[in-house]
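J.: Would you mind keeping the following structure in view while I ask a few things?
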Protein chains: 2
Amino acid sequence: MFESAELGHKISKEVYKKELPNLREALLDAQLDLLQSARFPVIILLAGVDCAGKGETMNLLHEWMDPRHIESHAQRELTDEERERPPMWRYWRDLPPKGKIGIFIGSWYSAPLVDNVHGRTKNAELDQQLDRIIRFETMLCNEGALILKFWLHLSEDQQKKRLRKLEKDPKTSWRIKESDWKNYKQYDRFRLVSERMLRTTSTPEAPWIIVEGADDRYRSLSIGKALLDALRRRLDAPETPQASEPLPPLFSSIDGLQILQTLDMTKKVIKKKYDDELEILQGRLNLLSRHKDFDRISVVVLFEGNDAAGKGGSIRRITQALDARAYRIIPIAAPSEEERAQPYLWRFWRHLPRRGRFAIFDRSWYGRVLVERVEGFCSQTDWMRAYSEINDFEEQMVRNHTVVAKFWLAITQDEQLKRFKEREKIGFKRFKITEEDWRNREKWPLYEQAVCDMIDRTSTEIAPWTLVEANDKNHARIKVLKTLCSQIEQALAKL
Amino acid sequence: MFESAELGHKISKEVYKKELPNLREALLDAQLDLLQSARFPVIILLAGVDCAGKGETMNLLHEWMDPRHIESHAQRELTDEERERPPMWRYWRDLPPKGKIGIFIGSWYSAPLVDNVHGRTKNAELDQQLDRIIRFETMLCNEGALILKFWLHLSEDQQKKRLRKLEKDPKTSWRIKESDWKNYKQYDRFRLVSERMLRTTSTPEAPWIIVEGADDRYRSLSIGKALLDALRRRLDAPETPQASEPLPPLFSSIDGLQILQTLDMTKKVIKKKYDDELEILQGRLNLLSRHKDFDRISVVVLFEGNDAAGKGGSIRRITQALDARAYRIIPIAAPSEEERAQPYLWRFWRHLPRRGRFAIFDRSWYGRVLVERVEGFCSQTDWMRAYSEINDFEEQMVRNHTVVAKFWLAITQDEQLKRFKEREKIGFKRFKITEEDWRNREKWPLYEQAVCDMIDRTSTEIAPWTLVEANDKNHARIKVLKTLCSQIEQALAKL
C-alpha cells in the first residue's frame, strides 16, 4: 500500500519555482468560486507518519489561499464541554459551513489508530470504529461535502532522518519530544495498523490520497494539485440535483396491516386515576433527576405526532416535574441560515445536552423522514439514507450514556377533526388552525405510511419508539411519563 | 429600602385562586405576542435572600407560560471554555434572542455581591463592578431588551423560619446545606451590601423590583403581575423607531486640522529593507506565539481602513508567522439571522479567542461608527452610544489578559483611485470593484470625519489605535507587525 510512497519522489527547485505561481493562482481562484457559490464545504484531513509534514502542509494551504475562509483544527485536549458529549461532538462543532474550507490534523482517525497501535483496542473494536467513520463520511458526502484525506507517508529510514534533522536544528528542535522517538520505535506496528485503517476507509466518495512526505517540494506540489483538481472538478460540474435513481419501494405488507392500526385508540384514564398517577409519576421523575448518579447520564426526549395530538401538553407534564435549570426544550421549526449551511443533523447535534441535563425536542430529526418526505422537500435518496444516519446518531448518544426516549403521539382522523374545530371555535391565537393544517390532513395516508416506515426502520433496541394512543390526553401523558421514568431507571441501573 | 418588603404581605387562597387563571391566560397571551413579533428579548433576573423563592419562581414561570420559549440559567461552575474568556462571556452566550425569554438565577450580580459580603472585595471595587453592570444593562436596554430584575426579600426572622421549615420537611431537607446556615449568620452584612447594590443599580431602564418572599402566593402573584404589566406595556407601545432626539454635534476642531491629516503619507520602505525586516519581525512574532507564557494571554487583532488599503495583505503577513492552529480570521460581513436576533456586539463576543490563540478581525465592531453611521444604517443615538459600549467591551478583554491591537490602514484618495483602476484592469474576480466601492469613494469626507471621531473616542491607553500610513504597502506591513509584536511583549511582561 505504501510502496509508491517510498520511491524517493523528488521535485527540483526549478520545476517547483516554475509551477508554483500557476498553482497558487488557480487555487485562489477555485477558493473564490467556492466561496461565492457556497454550494458545498471542503473538509481536508491531514494524517500520516509523525514529522511527515502535516503542520507544514496546513500552514502552506493557509498561505496559498485566502486564510480568511479556512479554519484549521488540531488534535488538542478535550474541553469539559466536549467531554460530556459523544466523541464526535467536537468535530460536528468544527465542521466548515458551505463555501468554506476546514482543515483537520488529528481528525476522527487519530484516536482509533493510536489506541490500536498501543494495544488499547482489539482489531474487532478498531474495525467497528472504522465502520462508524465510513458511515459518518458517507453521510457528509451525501450532504454535499467534498472530503479530501491526505496520508503523508515516510519510510522508517526517512522518518529517522527527519527526526534527527529536526532535532539538530535549534530552530526546530523544540518540536521533537521524547514521545516522538518512542512512537518511532513502534514504526512497524504503526505501519501495519495504518495500512489496515487506510484500506478499510478508502471509500469511493472519500478515498485516501497517499503522498510521500520526505521531499517538501514533492509533497507540497502533490497535495496542492490534488486539492485543485478535486475543487475544480466539483465546481465545474453542472449543479443539477443528483438524478434520483429509482429506488426500490419500501416493503409494504401485502395484507395492508400497519403498526399504527394495531393501537387501541379507545384507551382512557379517568380523571381521578389520572390525578393520582400523575402526582406519583412526576414525583418519581423528580427524584430520578436528583439521583446521585444522574450527573453521569443525560436525557434526550423527542416528540413527534399528528397535528393537535398534544405534544405540548405532554412536554409540560414532564417539565412540571423538573427544575427549570435541568432542562431545555428545543422547538424545531425551519432551520436558520447558519443551520442551512451545514449537514442536516448539525442543528440537532448542537443542542445535545451536557451530563445531568434533559433536552426535550418538540419535533426532531425525524422531520426528514416525515414532513420532508411527504412534502417532497428532499429527494427519495435523501430520506431513504436518513434512516440509518439517524440510527447512527442515536447510537452515538446511547453509547455516551444518553437516554433517548422517542414518543409518537397518535390520534385518529376523527379526533383530529374534533380538535381542529374546537380550536377554530376558541379562535385563540396560540391554537391557530392554518390552511396548512387542513392540507396536511388531506395527506393523512401518506403521513401514515411515512410513520410506519419510520417506526420499522428506527425503533431500535437501544432507542425504541413508544407509540402513544393519544385520543385520550390523560392516557397519553401517563404513558409518556411512565415510559420516560422507566427508561431513565434502566440507564441508571446499567452504570 | 426593604421596609415595604417586611410588612408580612399575604394573599389568601381564595384571592389567589380567583386571580390566577386570568393572570396565566394573559401571560401566555403576551408571551405569544412576544414570540410572533420577535421585536425584543426578555431578560428576567431572580435574585435575593437565600430561600426566598427564586427557584420556585423560575419553575412557576415555566409552568405558567409556554416553556418551549423560555430558557433558564442558574449559577453553576464555569466550564473551562468559559474560564478562558472575560467573565461576562458566559452571560453573552446565554442571552435570549428576540422573541424569547431568558431567566437568570445567579446572574452577573452574584459574584460582586458574594465577594463583597465575604470581604474579598473592598467597597470601591464593588462600586466599580456595579458601574460596569449598569453600563452592560443600559446597553442591553438600548439594544431593545426588556430587563426585569426581581429581588426576593426575607427579613432575618423570616429567613430563619424558612430554613427551619425546609430542613424539617423530608421532601426539601436536601436543599439546605451547612453553607446556608453560615450565610444566614451573615444576614446583616448581606443586607447591607445588597442594599448598596440595589440602590446603585436601580436605573430608570432596569429598576429593581423588591418583592417580599415569605408568602408564596403573594410572591408569585406579585411577580406574575409585574411581568405581565411590563410585557404588555412594551408590546402595546407603537413600534415607532425611537425619535432620535437631536444630539449635540461631535466636537470639530475649528481650524479643520484632523488627526488623519497629520499622517506622513509619503513614508516608504524599500524592497531590500522590507524583505530583511519582514523576516526578522515574522520570526519575532513566531517566537512570541511560542513563548512559555503565551497560553496565559490571548490576542485580538482588528483591521479597519479605506477600501483597497491592503487589509488582506497585512493579515497575511501576520498569519504567515503563525501556526495555522493558533489563529482564526473572522471576516466581518452582514450579520446572520441568529446574529441579527441579538445585541450588536453579540456576534463579536462569540468569536473571542481562548487563551493562547489569536483572533484576527477583518473589519470589526467599529462598523457601527463607520459604515453604519455614514450610510445611516443606525440612528445617531445608536452610533453615539457605541463609542462607550466598545470601550467597555475592549476593557473587558484587556482585563482578561487579551491584547487588543487595532489598526487603521489609511491611503490617500489618489492612491485609492490608482488601486481601483489597477484592479479594474486586472479584472480578476477577487478584486472586483463594484458600484458600491465608487459610491463609498464619493463619501470620502464623511468617512474621514467618522474615522477621526472614532479615533478620538476609542483610542484608549489600554487599547490604542495604530494609524498606519498605507500608501506604501511595505511600510504598512512592517508597521503592523512591529506594533503587534511590541503589544504582545508588553502584555507578557505585565503578567
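By order of appearance in the C-alpha cells: chains A, B, ..., then residues from 1 within every chain, and ligands from 1 in the order shown.
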Select residues of chain B: the criterion is any atom within 6 Å of an atom of chain A, counting only C-alpha atoms; output as a ChimeraX atom specification.
T.: /B:59,68,72-73,324-325,329
J.: Those residues you just picked out, can you put them in a file as a PDB file, in the first residue's frame with N, CA and C atoms?
T.:
```
ATOM      1  N   ASN B  59     -39.490  28.076  38.281  1.00  0.00           N
ATOM      2  CA  ASN B  59     -40.293  26.941  37.838  1.00  0.00           C
ATOM      3  C   ASN B  59     -41.733  27.350  37.548  1.00  0.00           C
ATOM      4  N   ARG B  68     -41.424  26.170  26.045  1.00  0.00           N
ATOM      5  CA  ARG B  68     -40.586  25.977  24.866  1.00  0.00           C
ATOM      6  C   ARG B  68     -39.835  27.239  24.475  1.00  0.00           C
ATOM      7  N   SER B  72     -33.825  28.892  31.134  1.00  0.00           N
ATOM      8  CA  SER B  72     -33.382  29.319  32.455  1.00  0.00           C
ATOM      9  C   SER B  72     -31.934  28.969  32.705  1.00  0.00           C
ATOM     10  N   HIS B  73     -31.270  29.837  33.411  1.00  0.00           N
ATOM     11  CA  HIS B  73     -29.852  29.647  33.669  1.00  0.00           C
ATOM     12  C   HIS B  73     -29.584  29.881  35.145  1.00  0.00           C
ATOM     13  N   ALA B 324      -1.086  27.608  11.848  1.00  0.00           N
ATOM     14  CA  ALA B 324      -2.487  27.773  11.443  1.00  0.00           C
ATOM     15  C   ALA B 324      -3.458  27.384  12.554  1.00  0.00           C
ATOM     16  N   ARG B 325      -3.022  26.545  13.464  1.00  0.00           N
ATOM     17  CA  ARG B 325      -3.902  26.147  14.556  1.00  0.00           C
ATOM     18  C   ARG B 325      -4.088  27.248  15.582  1.00  0.00           C
ATOM     19  N   ILE B 329      -9.241  33.791  11.526  1.00  0.00           N
ATOM     20  CA  ILE B 329      -9.566  35.082  10.937  1.00  0.00           C
ATOM     21  C   ILE B 329     -11.073  35.170  10.849  1.00  0.00           C
TER      22      ILE B 329
END
```
J.: Mind checking which residues fall within 7 Å of range 219-235 of chain B, counting only C-alpha atoms, ignoring those fewer than 4 positions away in the same chain, and posting them as number ranges by chain?
T.: B: 27, 30, 57, 211-213, 215
J.: Could you list, as a ChimeraX atom specification, every residue within 12 Å of range 370-384 of chain B, counting only C-alpha atoms and ignoring same-chain residues fewer than 4 positions away?
T.: /B:139-144,241-250,304-307,333-334,343-344,363-366,388-390,408,436,439-455,457-458
J.: Excluding Arg93 in chain A and residues on its chain fewer than 4 positions from it, collect all residues at most 10 Å away from it, counting only C-alpha atoms, and give them as a PyMOL selection string.
T.: chain A and resi 82+88-89+346+349-350
J.: Find the spatial neighbours of Arg39 in chain B, counting only C-alpha atoms, within a cut-off of 8 Å - ignore same-chain residues fewer than 4 positions away - and output them as a list in words.
T.: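 My reading of the contact set: Leu34, Lys98, Gly99 and Gly144 of chain B.
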J.: Using the selection just defined, write its residues with C-alpha atoms as a compact mmCIF listing (two decimals), in the first residue's frame.
T.:
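Dumped everything to result.txt:
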```
# COMPACT_ATOMS: atom_id res chain seq x y z
CA LEU B 34 -43.70 38.44 22.04
CA LYS B 98 -35.56 38.45 20.22
CA GLY B 99 -38.97 36.94 20.91
CA GLY B 144 -34.09 46.73 22.80
```
J.: So that I can check the surroundings of range 116-118 of chain A, please list as an MDAnalysis selection string every protein, DNA and RNA residue that reaches within 12 Å of it, counting only C-alpha atoms and ignoring chain neighbours fewer than 2 positions away.
T.: chainID A and resid 109:114 120:127 129:130 182:197
J.: Let me see the file: selected residues, N, CA and C atoms, as a compact mmCIF listing (two decimals), in the first residue's frame.
T.:
```
# COMPACT_ATOMS: atom_id res chain seq x y z
N TYR A 109 -9.69 10.09 12.90
CA TYR A 109 -8.89 8.88 12.73
C TYR A 109 -7.86 8.71 13.84
N SER A 110 -7.49 9.81 14.52
CA SER A 110 -6.37 9.73 15.47
C SER A 110 -6.58 8.71 16.57
N ALA A 111 -7.69 8.88 17.30
CA ALA A 111 -7.89 8.02 18.46
C ALA A 111 -7.94 6.54 18.09
N PRO A 112 -8.75 6.15 17.08
CA PRO A 112 -8.78 4.73 16.73
C PRO A 112 -7.39 4.17 16.37
N LEU A 113 -6.62 4.95 15.62
CA LEU A 113 -5.29 4.49 15.21
C LEU A 113 -4.37 4.33 16.42
N VAL A 114 -4.24 5.39 17.19
CA VAL A 114 -3.31 5.38 18.32
C VAL A 114 -3.71 4.32 19.34
N ARG A 120 -4.54 -0.69 23.09
CA ARG A 120 -5.69 -0.42 23.97
C ARG A 120 -6.99 -0.93 23.38
N THR A 121 -6.99 -1.20 22.08
CA THR A 121 -8.19 -1.80 21.48
C THR A 121 -7.79 -3.03 20.67
N LYS A 122 -8.71 -3.95 20.59
CA LYS A 122 -8.51 -5.12 19.74
C LYS A 122 -8.92 -4.76 18.32
N ASN A 123 -8.53 -5.63 17.39
CA ASN A 123 -8.83 -5.34 15.99
C ASN A 123 -10.34 -5.26 15.71
N ALA A 124 -11.08 -6.11 16.38
CA ALA A 124 -12.53 -6.10 16.14
C ALA A 124 -13.10 -4.73 16.50
N GLU A 125 -12.60 -4.18 17.59
CA GLU A 125 -13.09 -2.88 18.02
C GLU A 125 -12.66 -1.80 17.03
N LEU A 126 -11.43 -1.91 16.57
CA LEU A 126 -10.94 -0.96 15.56
C LEU A 126 -11.84 -0.99 14.33
N ASP A 127 -12.15 -2.20 13.87
CA ASP A 127 -13.00 -2.32 12.68
C ASP A 127 -14.35 -1.66 12.90
N GLN A 129 -14.94 0.83 14.92
CA GLN A 129 -14.73 2.28 14.89
C GLN A 129 -14.59 2.78 13.46
N LEU A 130 -13.85 2.03 12.66
CA LEU A 130 -13.65 2.46 11.28
C LEU A 130 -14.97 2.41 10.50
N LYS A 182 9.76 7.47 20.93
CA LYS A 182 9.03 6.29 21.42
C LYS A 182 8.10 5.77 20.31
N ASN A 183 7.37 6.71 19.72
CA ASN A 183 6.49 6.31 18.63
C ASN A 183 7.28 5.69 17.48
N TYR A 184 8.43 6.30 17.23
CA TYR A 184 9.25 5.82 16.12
C TYR A 184 9.60 4.35 16.31
N LYS A 185 9.87 3.97 17.55
CA LYS A 185 10.22 2.56 17.82
C LYS A 185 9.07 1.61 17.49
N GLN A 186 7.86 2.17 17.43
CA GLN A 186 6.69 1.35 17.10
C GLN A 186 6.39 1.43 15.60
N TYR A 187 7.35 1.87 14.81
CA TYR A 187 7.07 2.14 13.40
C TYR A 187 6.34 1.00 12.69
N ASP A 188 6.83 -0.23 12.88
CA ASP A 188 6.25 -1.35 12.15
C ASP A 188 4.79 -1.58 12.52
N ARG A 189 4.55 -1.49 13.81
CA ARG A 189 3.19 -1.68 14.31
C ARG A 189 2.28 -0.55 13.76
N PHE A 190 2.80 0.65 13.81
CA PHE A 190 2.06 1.81 13.31
C PHE A 190 1.72 1.64 11.83
N ARG A 191 2.70 1.16 11.09
CA ARG A 191 2.51 0.97 9.65
C ARG A 191 1.44 -0.08 9.39
N LEU A 192 1.50 -1.12 10.15
CA LEU A 192 0.54 -2.22 9.98
C LEU A 192 -0.89 -1.74 10.22
N VAL A 193 -1.06 -1.05 11.34
CA VAL A 193 -2.42 -0.59 11.68
C VAL A 193 -2.89 0.47 10.69
N SER A 194 -1.96 1.37 10.31
CA SER A 194 -2.33 2.41 9.35
C SER A 194 -2.84 1.76 8.06
N GLU A 195 -2.12 0.76 7.63
CA GLU A 195 -2.50 0.14 6.37
C GLU A 195 -3.90 -0.44 6.46
N ARG A 196 -4.16 -1.11 7.57
CA ARG A 196 -5.49 -1.68 7.77
C ARG A 196 -6.54 -0.56 7.74
N MET A 197 -6.21 0.53 8.42
CA MET A 197 -7.14 1.64 8.52
C MET A 197 -7.39 2.28 7.16
```
J.: Restricting the calculation to only C-alpha atoms, which member of B:Ile133, B:Ile43, B:Ile411, B:Leu484 is positioned closest to Ile318 in chain B?
T.: B:Leu484
